[in-house]
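Trainee: Just passing along the structure, written as structure tokens.
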Amino acid sequence: MATKIVTLSLIFLLALATSSEASKYQYIQKLKETNMMFYMQDWETSANATAIPVAGIPNERWWILGFGTVFATDDKLTMGIERNSSEVGRAHGIYVNSALDGSDLHLLMSLVFTNKAYNGSTFEIQGADRFYLKYREVSVVSGTGIFRLARGYATLETVFLDIPNSNAIVRWNVTVFHTTKKLAYRGGFEKLKTASIDYQTASIDMNAL
């Protein structure tokens with residue numbers, strides 16, 4: 001009896017490992033790479049400001065170089081560098097100055113696309129924006145819609161900076177790997193079907209013992 005139990009356990013573990021590796025292979029094969037470039041218009045002091053300080057250290061100035069200052073943002077994402085260039089999306093979220101010397105903004109935001117190609121799809125962004133550097137990288141940690149299950153990174157470059165007025169234009173170059181809605185659904189169905197077959201095979205082997 002003990003021999004049968006050990007044998008059945010080994011069969012089950014082998015079937016589980018095979019199913020897991022097959023699912024990983026199917027998932028990797030279905031990933032699509034997308035590259036894009038756009039500009040983020042981050043304006044804090046103009047007539048149509050899109051980023052405002054909402055929290056900070058009491059009795060201290062709340063501004064872009066102030067440690068502990070938190071900004072809420074609804075920045076426009078544009079095709080070109082000009083502020084009136086065609087909109088492709090909005091950057092919704094927050095960033096906080098998280099360095100004692102004021103040199104680092106920590107980004108937590110959703111890039112919500114409004115253009116025809118990606119309308120309604122999103123990227124989730126997280127990372128350190130050390131804005132005194134020419135180039136910085138932040139992570140794409142997730143996504144929705146066309147960019148479901150997105151993973152990747154974005155390289156940021158400040159192309160215009162007005163520190164006294166806390167205004168900036170930042171170029172984003174993004175590389176992400178993702179599924180589509182259709183492929184994500186079919187992949188899930190195939191995993192369920194594979195799991196069912198493995199279970200049936202294990203049952204047949206058990207009855208043969």
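To be explicit about the labels: the chains of the structure tokens are called A, B, and onward in the order shown, and within each one the residues are counted from 1, while ligands get numbers from 1 in the order they are shown.
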Using 12 Å as the limit and counting only C-alpha atoms, can you tabulate each residue of region 121-178 of chain A that touches region 104-115 of chain A, with its shortest atom-to-atom distance in Å and the two atoms involved, as a Markdown table?
Mentor:
```
| residue | atom | partner | partner_atom | distance |
| --- | --- | --- | --- | --- |
| A:Ser121 | CA | A:Phe113 | CA | 5.7 |
| A:Thr122 | CA | A:Val112 | CA | 4.6 |
| A:Phe123 | CA | A:Leu111 | CA | 5.1 |
| A:Glu124 | CA | A:Ser110 | CA | 4.7 |
| A:Ile125 | CA | A:Met109 | CA | 5.3 |
| A:Gln126 | CA | A:Leu108 | CA | 4.9 |
| A:Gly127 | CA | A:Leu107 | CA | 5.4 |
| A:Ala128 | CA | A:His106 | CA | 4.6 |
| A:Asp129 | CA | A:Leu105 | CA | 5.0 |
| A:Arg130 | CA | A:Asp104 | CA | 4.4 |
| A:Phe131 | CA | A:Asp104 | CA | 6.4 |
| A:Tyr132 | CA | A:Asp104 | CA | 8.2 |
| A:Leu133 | CA | A:Asp104 | CA | 9.9 |
| A:Arg136 | CA | A:Asp104 | CA | 10.6 |
| A:Glu137 | CA | A:Leu107 | CA | 11.0 |
| A:Val138 | CA | A:Leu107 | CA | 8.1 |
| A:Ser139 | CA | A:Leu107 | CA | 9.6 |
| A:Val140 | CA | A:Ser110 | CA | 9.7 |
| A:Val141 | CA | A:Ser110 | CA | 10.3 |
| A:Ser142 | CA | A:Ser110 | CA | 9.5 |
| A:Gly143 | CA | A:Ser110 | CA | 8.7 |
| A:Thr144 | CA | A:Val112 | CA | 9.5 |
| A:Gly145 | CA | A:Phe113 | CA | 10.1 |
| A:Ile146 | CA | A:Phe113 | CA | 10.4 |
| A:Phe147 | CA | A:Phe113 | CA | 10.6 |
| A:Ala154 | CA | A:Leu111 | CA | 11.6 |
| A:Leu156 | CA | A:Leu107 | CA | 11.7 |
| A:Trp172 | CA | A:Leu111 | CA | 11.2 |
| A:Val174 | CA | A:Leu111 | CA | 11.3 |
```
Trainee: Include N, CA, C and O atoms and write out the residues we just selected as a short mmCIF file (atom, residue, chain, number, x, y, z; two decimals), in the first residue's frame.
Mentor:
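out.cif, freshly written:
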```cif
data_model
loop_
_atom_site.label_atom_id
_atom_site.label_comp_id
_atom_site.auth_asym_id
_atom_site.auth_seq_id
_atom_site.Cartn_x
_atom_site.Cartn_y
_atom_site.Cartn_z
N SER A 121 -6.44 51.58 -22.23
CA SER A 121 -5.39 50.72 -21.69
C SER A 121 -4.47 51.53 -20.78
O SER A 121 -4.37 52.75 -20.91
N THR A 122 -3.79 50.85 -19.86
CA THR A 122 -2.94 51.56 -18.90
C THR A 122 -1.62 50.83 -18.65
O THR A 122 -1.51 49.62 -18.86
N PHE A 123 -0.63 51.61 -18.19
CA PHE A 123 0.60 51.11 -17.59
C PHE A 123 0.61 51.54 -16.13
O PHE A 123 0.16 52.64 -15.80
N GLU A 124 1.15 50.71 -15.27
CA GLU A 124 1.40 51.11 -13.88
C GLU A 124 2.89 51.36 -13.72
O GLU A 124 3.71 50.47 -14.01
N ILE A 125 3.25 52.56 -13.27
CA ILE A 125 4.64 52.99 -13.17
C ILE A 125 5.06 53.11 -11.71
O ILE A 125 4.31 53.64 -10.88
N GLN A 126 6.26 52.63 -11.41
CA GLN A 126 6.82 52.81 -10.07
C GLN A 126 8.33 52.93 -10.20
O GLN A 126 8.97 52.22 -10.98
N GLY A 127 8.92 53.85 -9.41
CA GLY A 127 10.37 53.93 -9.42
C GLY A 127 10.91 55.28 -9.02
O GLY A 127 10.16 56.24 -8.78
N ALA A 128 12.25 55.35 -8.93
CA ALA A 128 12.95 56.55 -8.51
C ALA A 128 13.31 57.40 -9.72
O ALA A 128 14.02 56.94 -10.63
N ASP A 129 12.84 58.64 -9.72
CA ASP A 129 13.17 59.60 -10.77
C ASP A 129 14.20 60.59 -10.21
O ASP A 129 13.85 61.62 -9.64
N ARG A 130 15.47 60.25 -10.38
CA ARG A 130 16.56 61.12 -9.91
C ARG A 130 16.78 62.18 -10.98
O ARG A 130 17.65 62.05 -11.82
N PHE A 131 15.97 63.21 -10.91
CA PHE A 131 15.79 64.12 -12.05
C PHE A 131 17.01 64.97 -12.40
O PHE A 131 17.02 65.61 -13.44
N TYR A 132 18.04 64.98 -11.56
CA TYR A 132 19.26 65.70 -11.93
C TYR A 132 20.10 64.91 -12.93
O TYR A 132 21.01 65.47 -13.55
N LEU A 133 19.82 63.62 -13.06
CA LEU A 133 20.54 62.81 -14.05
C LEU A 133 19.91 63.02 -15.42
O LEU A 133 18.71 63.25 -15.54
N ARG A 136 17.09 58.48 -16.64
CA ARG A 136 16.67 57.68 -15.48
C ARG A 136 15.78 56.55 -15.97
O ARG A 136 15.17 56.65 -17.04
N GLU A 137 15.70 55.49 -15.20
CA GLU A 137 14.80 54.39 -15.53
C GLU A 137 13.82 54.14 -14.39
O GLU A 137 14.20 54.17 -13.22
N VAL A 138 12.56 53.92 -14.75
CA VAL A 138 11.55 53.48 -13.80
C VAL A 138 10.90 52.22 -14.35
O VAL A 138 11.04 51.89 -15.53
N SER A 139 10.21 51.50 -13.49
CA SER A 139 9.65 50.21 -13.87
C SER A 139 8.20 50.30 -14.33
O SER A 139 7.42 51.06 -13.76
N VAL A 140 7.87 49.51 -15.34
CA VAL A 140 6.48 49.23 -15.68
C VAL A 140 6.14 47.93 -14.96
O VAL A 140 6.68 46.88 -15.29
N VAL A 141 5.29 48.00 -13.94
CA VAL A 141 5.07 46.85 -13.07
C VAL A 141 3.78 46.09 -13.39
O VAL A 141 3.58 44.96 -12.92
N SER A 142 2.90 46.70 -14.20
CA SER A 142 1.66 46.02 -14.55
C SER A 142 0.98 46.80 -15.68
O SER A 142 1.52 47.79 -16.16
N GLY A 143 -0.19 46.31 -16.10
CA GLY A 143 -0.93 47.00 -17.14
C GLY A 143 -2.32 46.42 -17.28
O GLY A 143 -2.63 45.37 -16.72
N THR A 144 -3.16 47.12 -18.05
CA THR A 144 -4.52 46.65 -18.30
C THR A 144 -4.85 46.83 -19.77
O THR A 144 -4.14 47.49 -20.52
N GLY A 145 -5.98 46.24 -20.18
CA GLY A 145 -6.42 46.37 -21.57
C GLY A 145 -5.45 45.69 -22.51
O GLY A 145 -5.07 44.53 -22.31
N ILE A 146 -5.01 46.39 -23.54
CA ILE A 146 -4.05 45.84 -24.49
C ILE A 146 -2.75 45.44 -23.80
O ILE A 146 -2.08 44.49 -24.21
N PHE A 147 -2.42 46.15 -22.70
CA PHE A 147 -1.16 45.91 -22.01
C PHE A 147 -1.34 45.05 -20.76
O PHE A 147 -0.59 45.18 -19.79
N ALA A 154 10.83 52.16 -18.43
CA ALA A 154 10.75 53.42 -19.16
C ALA A 154 12.00 54.24 -18.86
O ALA A 154 12.41 54.35 -17.71
N LEU A 156 13.55 57.92 -18.82
CA LEU A 156 13.07 59.29 -18.73
C LEU A 156 14.22 60.26 -19.02
O LEU A 156 15.35 60.05 -18.56
N TRP A 172 9.57 60.26 -22.49
CA TRP A 172 9.50 58.87 -22.05
C TRP A 172 9.75 57.94 -23.23
O TRP A 172 9.09 58.07 -24.27
N VAL A 174 9.50 53.94 -23.71
CA VAL A 174 8.96 52.80 -22.96
C VAL A 174 9.13 51.51 -23.75
O VAL A 174 8.85 51.47 -24.96
#
```
Trainee: DSSP on the backbone: what in region 90-138 of chain A comes out strand (DSSP E or B), as an mmCIF file with N, CA, C and O atoms, in the first residue's frame?
Mentor:
```
data_model
loop_
_atom_site.group_PDB
_atom_site.id
_atom_site.type_symbol
_atom_site.label_atom_id
_atom_site.label_comp_id
_atom_site.auth_asym_id
_atom_site.auth_seq_id
_atom_site.Cartn_x
_atom_site.Cartn_y
_atom_site.Cartn_z
ATOM 1 N N ARG A 90 -2.918 60.399 -20.252
ATOM 2 C CA ARG A 90 -2.733 61.206 -19.054
ATOM 3 C C ARG A 90 -1.953 60.392 -18.029
ATOM 4 O O ARG A 90 -2.107 59.168 -17.947
ATOM 5 N N ALA A 91 -1.126 61.075 -17.240
ATOM 6 C CA ALA A 91 -0.396 60.444 -16.138
ATOM 7 C C ALA A 91 -1.127 60.786 -14.844
ATOM 8 O O ALA A 91 -1.056 61.921 -14.352
ATOM 9 N N HIS A 92 -1.860 59.807 -14.311
ATOM 10 C CA HIS A 92 -2.638 59.997 -13.085
ATOM 11 C C HIS A 92 -1.914 59.339 -11.922
ATOM 12 O O HIS A 92 -1.524 58.166 -12.021
ATOM 13 N N GLY A 93 -1.758 60.061 -10.822
ATOM 14 C CA GLY A 93 -1.142 59.443 -9.655
ATOM 15 C C GLY A 93 -0.476 60.455 -8.759
ATOM 16 O O GLY A 93 -0.931 61.597 -8.627
ATOM 17 N N ILE A 94 0.620 60.022 -8.133
ATOM 18 C CA ILE A 94 1.356 60.886 -7.221
ATOM 19 C C ILE A 94 2.850 60.713 -7.433
ATOM 20 O O ILE A 94 3.305 59.696 -7.959
ATOM 21 N N TYR A 95 3.595 61.739 -7.035
ATOM 22 C CA TYR A 95 5.032 61.576 -6.853
ATOM 23 C C TYR A 95 5.431 62.345 -5.606
ATOM 24 O O TYR A 95 4.815 63.354 -5.242
ATOM 25 N N VAL A 96 6.445 61.835 -4.934
ATOM 26 C CA VAL A 96 6.872 62.423 -3.665
ATOM 27 C C VAL A 96 8.375 62.618 -3.684
ATOM 28 O O VAL A 96 9.120 61.768 -4.168
ATOM 29 N N ASN A 97 8.824 63.784 -3.190
ATOM 30 C CA ASN A 97 10.257 63.998 -3.056
ATOM 31 C C ASN A 97 10.740 63.158 -1.877
ATOM 32 O O ASN A 97 10.384 63.418 -0.725
ATOM 33 N N LEU A 105 12.579 62.037 -6.956
ATOM 34 C CA LEU A 105 11.123 61.921 -6.889
ATOM 35 C C LEU A 105 10.747 60.460 -7.026
ATOM 36 O O LEU A 105 11.199 59.780 -7.964
ATOM 37 N N HIS A 106 9.927 59.955 -6.121
ATOM 38 C CA HIS A 106 9.449 58.572 -6.254
ATOM 39 C C HIS A 106 8.099 58.610 -6.952
ATOM 40 O O HIS A 106 7.153 59.253 -6.481
ATOM 41 N N LEU A 107 8.003 57.925 -8.107
ATOM 42 C CA LEU A 107 6.791 57.955 -8.925
ATOM 43 C C LEU A 107 5.891 56.765 -8.625
ATOM 44 O O LEU A 107 6.347 55.622 -8.559
ATOM 45 N N LEU A 108 4.605 57.040 -8.480
ATOM 46 C CA LEU A 108 3.560 56.018 -8.375
ATOM 47 C C LEU A 108 2.386 56.525 -9.210
ATOM 48 O O LEU A 108 1.604 57.352 -8.750
ATOM 49 N N MET A 109 2.279 56.034 -10.442
ATOM 50 C CA MET A 109 1.253 56.594 -11.319
ATOM 51 C C MET A 109 0.770 55.587 -12.350
ATOM 52 O O MET A 109 1.454 54.609 -12.673
ATOM 53 N N SER A 110 -0.436 55.864 -12.849
ATOM 54 C CA SER A 110 -1.013 55.109 -13.958
ATOM 55 C C SER A 110 -0.941 55.971 -15.210
ATOM 56 O O SER A 110 -1.392 57.121 -15.191
ATOM 57 N N LEU A 111 -0.374 55.424 -16.276
ATOM 58 C CA LEU A 111 -0.419 56.101 -17.566
ATOM 59 C C LEU A 111 -1.660 55.595 -18.291
ATOM 60 O O LEU A 111 -1.722 54.424 -18.688
ATOM 61 N N VAL A 112 -2.659 56.462 -18.424
ATOM 62 C CA VAL A 112 -3.955 56.088 -18.994
ATOM 63 C C VAL A 112 -4.007 56.614 -20.426
ATOM 64 O O VAL A 112 -4.020 57.826 -20.656
ATOM 65 N N PHE A 113 -4.057 55.702 -21.394
ATOM 66 C CA PHE A 113 -4.008 56.111 -22.796
ATOM 67 C C PHE A 113 -5.391 56.517 -23.298
ATOM 68 O O PHE A 113 -6.399 55.869 -23.001
ATOM 69 N N THR A 122 -3.786 50.852 -19.856
ATOM 70 C CA THR A 122 -2.944 51.556 -18.897
ATOM 71 C C THR A 122 -1.619 50.834 -18.654
ATOM 72 O O THR A 122 -1.507 49.623 -18.859
ATOM 73 N N PHE A 123 -0.632 51.608 -18.189
ATOM 74 C CA PHE A 123 0.601 51.111 -17.586
ATOM 75 C C PHE A 123 0.607 51.540 -16.127
ATOM 76 O O PHE A 123 0.156 52.642 -15.801
ATOM 77 N N GLU A 124 1.154 50.711 -15.267
ATOM 78 C CA GLU A 124 1.396 51.111 -13.882
ATOM 79 C C GLU A 124 2.894 51.355 -13.719
ATOM 80 O O GLU A 124 3.709 50.471 -14.011
ATOM 81 N N ILE A 125 3.250 52.558 -13.268
ATOM 82 C CA ILE A 125 4.640 52.986 -13.168
ATOM 83 C C ILE A 125 5.062 53.112 -11.709
ATOM 84 O O ILE A 125 4.311 53.645 -10.882
ATOM 85 N N GLN A 126 6.260 52.627 -11.411
ATOM 86 C CA GLN A 126 6.817 52.809 -10.073
ATOM 87 C C GLN A 126 8.335 52.929 -10.198
ATOM 88 O O GLN A 126 8.966 52.218 -10.977
ATOM 89 N N GLY A 127 8.924 53.847 -9.412
ATOM 90 C CA GLY A 127 10.370 53.927 -9.419
ATOM 91 C C GLY A 127 10.914 55.275 -9.015
ATOM 92 O O GLY A 127 10.163 56.237 -8.783
ATOM 93 N N ALA A 128 12.249 55.347 -8.933
ATOM 94 C CA ALA A 128 12.952 56.553 -8.515
ATOM 95 C C ALA A 128 13.314 57.403 -9.722
ATOM 96 O O ALA A 128 14.017 56.942 -10.628
ATOM 97 N N ASP A 129 12.845 58.644 -9.716
ATOM 98 C CA ASP A 129 13.166 59.601 -10.773
ATOM 99 C C ASP A 129 14.199 60.586 -10.214
ATOM 100 O O ASP A 129 13.847 61.621 -9.644
ATOM 101 N N TYR A 135 19.528 60.731 -17.835
ATOM 102 C CA TYR A 135 18.635 59.609 -18.115
ATOM 103 C C TYR A 135 18.347 58.858 -16.818
ATOM 104 O O TYR A 135 19.244 58.621 -16.007
ATOM 105 N N ARG A 136 17.086 58.477 -16.643
ATOM 106 C CA ARG A 136 16.670 57.682 -15.484
ATOM 107 C C ARG A 136 15.778 56.549 -15.968
ATOM 108 O O ARG A 136 15.169 56.654 -17.037
ATOM 109 N N GLU A 137 15.695 55.493 -15.195
ATOM 110 C CA GLU A 137 14.800 54.387 -15.530
ATOM 111 C C GLU A 137 13.820 54.143 -14.390
ATOM 112 O O GLU A 137 14.197 54.168 -13.217
ATOM 113 N N VAL A 138 12.565 53.917 -14.752
ATOM 114 C CA VAL A 138 11.550 53.484 -13.797
ATOM 115 C C VAL A 138 10.902 52.216 -14.345
ATOM 116 O O VAL A 138 11.039 51.888 -15.532
#
```
Trainee: Which neighbours of Leu77 (chain A) fall inside 10 Å, counting only C-alpha atoms, when residues of the same chain fewer than 2 positions from it are skipped, and could you give them as a short mmCIF file (atom, residue, chain, number, x, y, z; two decimals) with all heavy atoms, in the first residue's frame?
Mentor:
```
data_model
loop_
_atom_site.label_atom_id
_atom_site.label_comp_id
_atom_site.auth_asym_id
_atom_site.auth_seq_id
_atom_site.Cartn_x
_atom_site.Cartn_y
_atom_site.Cartn_z
N MET A 37 7.26 56.19 -27.60
CA MET A 37 7.89 57.41 -27.10
C MET A 37 6.83 58.51 -27.03
O MET A 37 6.04 58.67 -27.96
CB MET A 37 9.05 57.83 -27.99
CG MET A 37 9.88 58.99 -27.43
SD MET A 37 9.23 60.62 -27.88
CE MET A 37 9.62 60.65 -29.62
N PHE A 38 6.82 59.26 -25.94
CA PHE A 38 5.90 60.38 -25.78
C PHE A 38 6.49 61.35 -24.77
O PHE A 38 7.55 61.09 -24.16
CB PHE A 38 4.50 59.91 -25.35
CG PHE A 38 4.51 58.96 -24.20
CD1 PHE A 38 4.62 59.42 -22.88
CD2 PHE A 38 4.39 57.59 -24.41
CE1 PHE A 38 4.63 58.53 -21.82
CE2 PHE A 38 4.40 56.70 -23.35
CZ PHE A 38 4.52 57.17 -22.06
N TYR A 39 5.81 62.49 -24.57
CA TYR A 39 6.28 63.52 -23.65
C TYR A 39 5.26 63.74 -22.54
O TYR A 39 4.05 63.76 -22.79
CB TYR A 39 6.51 64.84 -24.40
CG TYR A 39 7.62 64.77 -25.42
CD1 TYR A 39 7.35 64.30 -26.71
CD2 TYR A 39 8.92 65.15 -25.10
CE1 TYR A 39 8.36 64.21 -27.65
CE2 TYR A 39 9.93 65.07 -26.05
CZ TYR A 39 9.65 64.60 -27.32
OH TYR A 39 10.65 64.51 -28.26
N MET A 40 5.76 63.89 -21.33
CA MET A 40 4.89 64.20 -20.19
C MET A 40 5.03 65.69 -19.87
O MET A 40 6.13 66.19 -19.61
CB MET A 40 5.27 63.37 -18.96
CG MET A 40 4.32 63.59 -17.77
SD MET A 40 4.66 62.48 -16.38
CE MET A 40 6.10 63.29 -15.67
N GLN A 41 3.90 66.40 -19.90
CA GLN A 41 3.86 67.83 -19.64
C GLN A 41 3.52 68.05 -18.16
O GLN A 41 2.37 67.95 -17.75
CB GLN A 41 2.79 68.49 -20.54
CG GLN A 41 2.91 68.16 -22.01
CD GLN A 41 4.04 68.93 -22.69
OE1 GLN A 41 4.48 69.96 -22.19
NE2 GLN A 41 4.49 68.44 -23.83
N ASP A 42 4.56 68.32 -17.36
CA ASP A 42 4.38 68.47 -15.91
C ASP A 42 4.45 69.95 -15.53
O ASP A 42 5.52 70.52 -15.39
CB ASP A 42 5.48 67.68 -15.19
CG ASP A 42 5.25 67.61 -13.70
OD1 ASP A 42 4.20 67.09 -13.28
OD2 ASP A 42 6.13 68.07 -12.94
N ASP A 74 -2.11 65.03 -12.86
CA ASP A 74 -2.94 64.64 -14.00
C ASP A 74 -2.26 65.21 -15.25
O ASP A 74 -2.84 65.97 -16.01
CB ASP A 74 -4.36 65.20 -13.84
CG ASP A 74 -5.29 64.78 -14.97
OD1 ASP A 74 -4.91 63.88 -15.76
OD2 ASP A 74 -6.38 65.37 -15.10
N ASP A 75 -0.99 64.82 -15.43
CA ASP A 75 -0.17 65.38 -16.51
C ASP A 75 -0.59 64.85 -17.87
O ASP A 75 -0.90 63.66 -18.03
CB ASP A 75 1.30 65.04 -16.29
CG ASP A 75 1.92 65.84 -15.16
OD1 ASP A 75 1.32 66.85 -14.75
OD2 ASP A 75 3.02 65.46 -14.70
N MET A 79 2.23 63.62 -28.14
CA MET A 79 3.05 63.08 -29.22
C MET A 79 4.35 63.86 -29.38
O MET A 79 5.42 63.28 -29.61
CB MET A 79 2.26 63.13 -30.53
CG MET A 79 1.11 62.17 -30.61
SD MET A 79 1.64 60.49 -30.98
CE MET A 79 2.19 60.69 -32.69
N GLY A 80 4.27 65.18 -29.30
CA GLY A 80 5.43 66.04 -29.50
C GLY A 80 5.80 66.79 -28.25
O GLY A 80 5.11 66.74 -27.23
N ILE A 81 6.88 67.55 -28.32
CA ILE A 81 7.38 68.27 -27.15
C ILE A 81 6.51 69.48 -26.79
O ILE A 81 6.46 69.89 -25.63
CB ILE A 81 8.85 68.70 -27.39
CG1 ILE A 81 9.49 69.19 -26.08
CG2 ILE A 81 8.92 69.78 -28.48
CD1 ILE A 81 10.97 69.43 -26.20
N ARG A 83 3.45 71.82 -25.75
CA ARG A 83 2.36 71.57 -24.80
C ARG A 83 1.02 71.35 -25.50
O ARG A 83 0.17 70.62 -24.99
CB ARG A 83 2.27 72.73 -23.81
CG ARG A 83 1.41 72.40 -22.60
CD ARG A 83 1.41 73.51 -21.59
NE ARG A 83 0.63 73.13 -20.41
CZ ARG A 83 0.34 73.95 -19.41
NH1 ARG A 83 0.77 75.20 -19.45
NH2 ARG A 83 -0.37 73.52 -18.38
N SER A 85 0.65 69.86 -28.33
CA SER A 85 0.75 68.70 -29.23
C SER A 85 -0.39 67.72 -28.94
O SER A 85 -1.01 67.75 -27.87
CB SER A 85 2.10 68.03 -29.05
OG SER A 85 2.23 66.90 -29.89
N SER A 86 -0.65 66.82 -29.88
CA SER A 86 -1.76 65.86 -29.74
C SER A 86 -1.59 64.99 -28.49
O SER A 86 -0.51 64.46 -28.21
CB SER A 86 -1.82 64.95 -30.97
OG SER A 86 -2.07 65.71 -32.13
N GLU A 87 -2.68 64.86 -27.76
CA GLU A 87 -2.66 64.05 -26.54
C GLU A 87 -2.75 62.56 -26.86
O GLU A 87 -3.56 62.14 -27.69
CB GLU A 87 -3.84 64.45 -25.64
CG GLU A 87 -3.93 63.63 -24.37
CD GLU A 87 -5.10 64.03 -23.48
OE1 GLU A 87 -5.22 65.24 -23.17
OE2 GLU A 87 -5.90 63.15 -23.13
N VAL A 88 -1.93 61.76 -26.16
CA VAL A 88 -2.01 60.30 -26.28
C VAL A 88 -2.49 59.67 -24.97
O VAL A 88 -2.89 58.50 -24.95
CB VAL A 88 -0.66 59.68 -26.69
CG1 VAL A 88 -0.24 60.18 -28.05
CG2 VAL A 88 0.43 59.96 -25.66
N GLY A 89 -2.45 60.44 -23.89
CA GLY A 89 -2.90 59.90 -22.61
C GLY A 89 -2.69 60.88 -21.48
O GLY A 89 -2.35 62.05 -21.70
N ARG A 90 -2.92 60.40 -20.25
CA ARG A 90 -2.73 61.21 -19.05
C ARG A 90 -1.95 60.39 -18.03
O ARG A 90 -2.11 59.17 -17.95
CB ARG A 90 -4.07 61.62 -18.43
CG ARG A 90 -5.10 62.20 -19.35
CD ARG A 90 -4.76 63.57 -19.84
NE ARG A 90 -4.66 64.59 -18.78
CZ ARG A 90 -4.62 65.89 -19.04
NH1 ARG A 90 -4.68 66.34 -20.31
NH2 ARG A 90 -4.50 66.78 -18.05
N ALA A 91 -1.13 61.07 -17.24
CA ALA A 91 -0.40 60.44 -16.14
C ALA A 91 -1.13 60.79 -14.84
O ALA A 91 -1.06 61.92 -14.35
CB ALA A 91 1.04 60.95 -16.09
N LEU A 111 -0.37 55.42 -16.28
CA LEU A 111 -0.42 56.10 -17.57
C LEU A 111 -1.66 55.59 -18.29
O LEU A 111 -1.72 54.42 -18.69
CB LEU A 111 0.85 55.81 -18.38
CG LEU A 111 2.17 56.17 -17.70
CD1 LEU A 111 3.33 55.99 -18.70
CD2 LEU A 111 2.16 57.58 -17.14
N VAL A 112 -2.66 56.46 -18.42
CA VAL A 112 -3.95 56.09 -18.99
C VAL A 112 -4.01 56.61 -20.43
O VAL A 112 -4.02 57.83 -20.66
CB VAL A 112 -5.11 56.68 -18.16
CG1 VAL A 112 -6.45 56.23 -18.74
CG2 VAL A 112 -4.98 56.28 -16.70
N PHE A 113 -4.06 55.70 -21.39
CA PHE A 113 -4.01 56.11 -22.80
C PHE A 113 -5.39 56.52 -23.30
O PHE A 113 -6.40 55.87 -23.00
CB PHE A 113 -3.42 55.00 -23.66
CG PHE A 113 -1.96 54.77 -23.39
CD1 PHE A 113 -1.55 53.79 -22.49
CD2 PHE A 113 -1.00 55.56 -23.99
CE1 PHE A 113 -0.20 53.60 -22.21
CE2 PHE A 113 0.35 55.37 -23.73
CZ PHE A 113 0.75 54.40 -22.83
N THR A 114 -5.40 57.61 -24.08
CA THR A 114 -6.65 58.14 -24.62
C THR A 114 -6.65 58.18 -26.14
O THR A 114 -7.65 58.57 -26.74
CB THR A 114 -6.89 59.58 -24.09
OG1 THR A 114 -5.77 60.41 -24.45
CG2 THR A 114 -7.04 59.58 -22.57
N ILE A 169 9.16 69.29 -18.86
CA ILE A 169 8.69 68.39 -19.92
C ILE A 169 9.66 67.22 -19.94
O ILE A 169 10.88 67.41 -20.02
CB ILE A 169 8.66 69.10 -21.29
CG1 ILE A 169 7.75 70.31 -21.25
CG2 ILE A 169 8.19 68.12 -22.37
CD1 ILE A 169 7.78 71.14 -22.54
N VAL A 170 9.12 66.02 -19.85
CA VAL A 170 9.94 64.82 -19.75
C VAL A 170 9.63 63.88 -20.91
O VAL A 170 8.47 63.55 -21.16
CB VAL A 170 9.69 64.08 -18.41
CG1 VAL A 170 10.56 62.84 -18.31
CG2 VAL A 170 9.94 65.02 -17.23
N ARG A 171 10.68 63.46 -21.62
CA ARG A 171 10.52 62.49 -22.70
C ARG A 171 10.56 61.08 -22.10
O ARG A 171 11.44 60.74 -21.32
CB ARG A 171 11.64 62.64 -23.73
CG ARG A 171 11.52 61.63 -24.89
CD ARG A 171 12.74 61.67 -25.81
NE ARG A 171 12.78 62.90 -26.59
CZ ARG A 171 13.79 63.76 -26.57
NH1 ARG A 171 14.84 63.54 -25.78
NH2 ARG A 171 13.77 64.84 -27.31
N TRP A 172 9.57 60.26 -22.49
CA TRP A 172 9.50 58.87 -22.05
C TRP A 172 9.75 57.94 -23.23
O TRP A 172 9.09 58.07 -24.27
CB TRP A 172 8.10 58.55 -21.49
CG TRP A 172 7.78 59.17 -20.16
CD1 TRP A 172 7.73 60.50 -19.86
CD2 TRP A 172 7.43 58.47 -18.96
NE1 TRP A 172 7.38 60.68 -18.55
CE2 TRP A 172 7.18 59.46 -17.98
CE3 TRP A 172 7.30 57.13 -18.63
CZ2 TRP A 172 6.82 59.13 -16.67
CZ3 TRP A 172 6.92 56.80 -17.34
CH2 TRP A 172 6.69 57.79 -16.38
#
```
Trainee: Go through A:Thr45, A:Thr78, A:Asn84, A:Asn119 and flag the residue nearest Asn165 (chain A), using only C-alpha atoms for the distances.
Mentor: A:Thr45
Trainee: Expressed in Å to a single decimal, how great is the separation between CA of Thr69 (chain A) and CA of Asn48 (chain A)?
Mentor: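 A separation of 20.5 Å between them.
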Trainee: Using the chain letters and numbers from this document, which residues of region 22-184 of chain A does DSSP assign to helix (DSSP H, G or I), as a list of chain:residue names?
Mentor: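 Helix (DSSP H, G or I) members of region 22-184 of chain A, listed: A:Ala22, A:Ser23, A:Lys24, A:Tyr25, A:Gln26, A:Tyr27, A:Ile28, A:Gln29, A:Lys30, A:Gly145, A:Ile146, A:Phe147, A:Lys181, A:Lys182, A:Leu183, A:Ala184.
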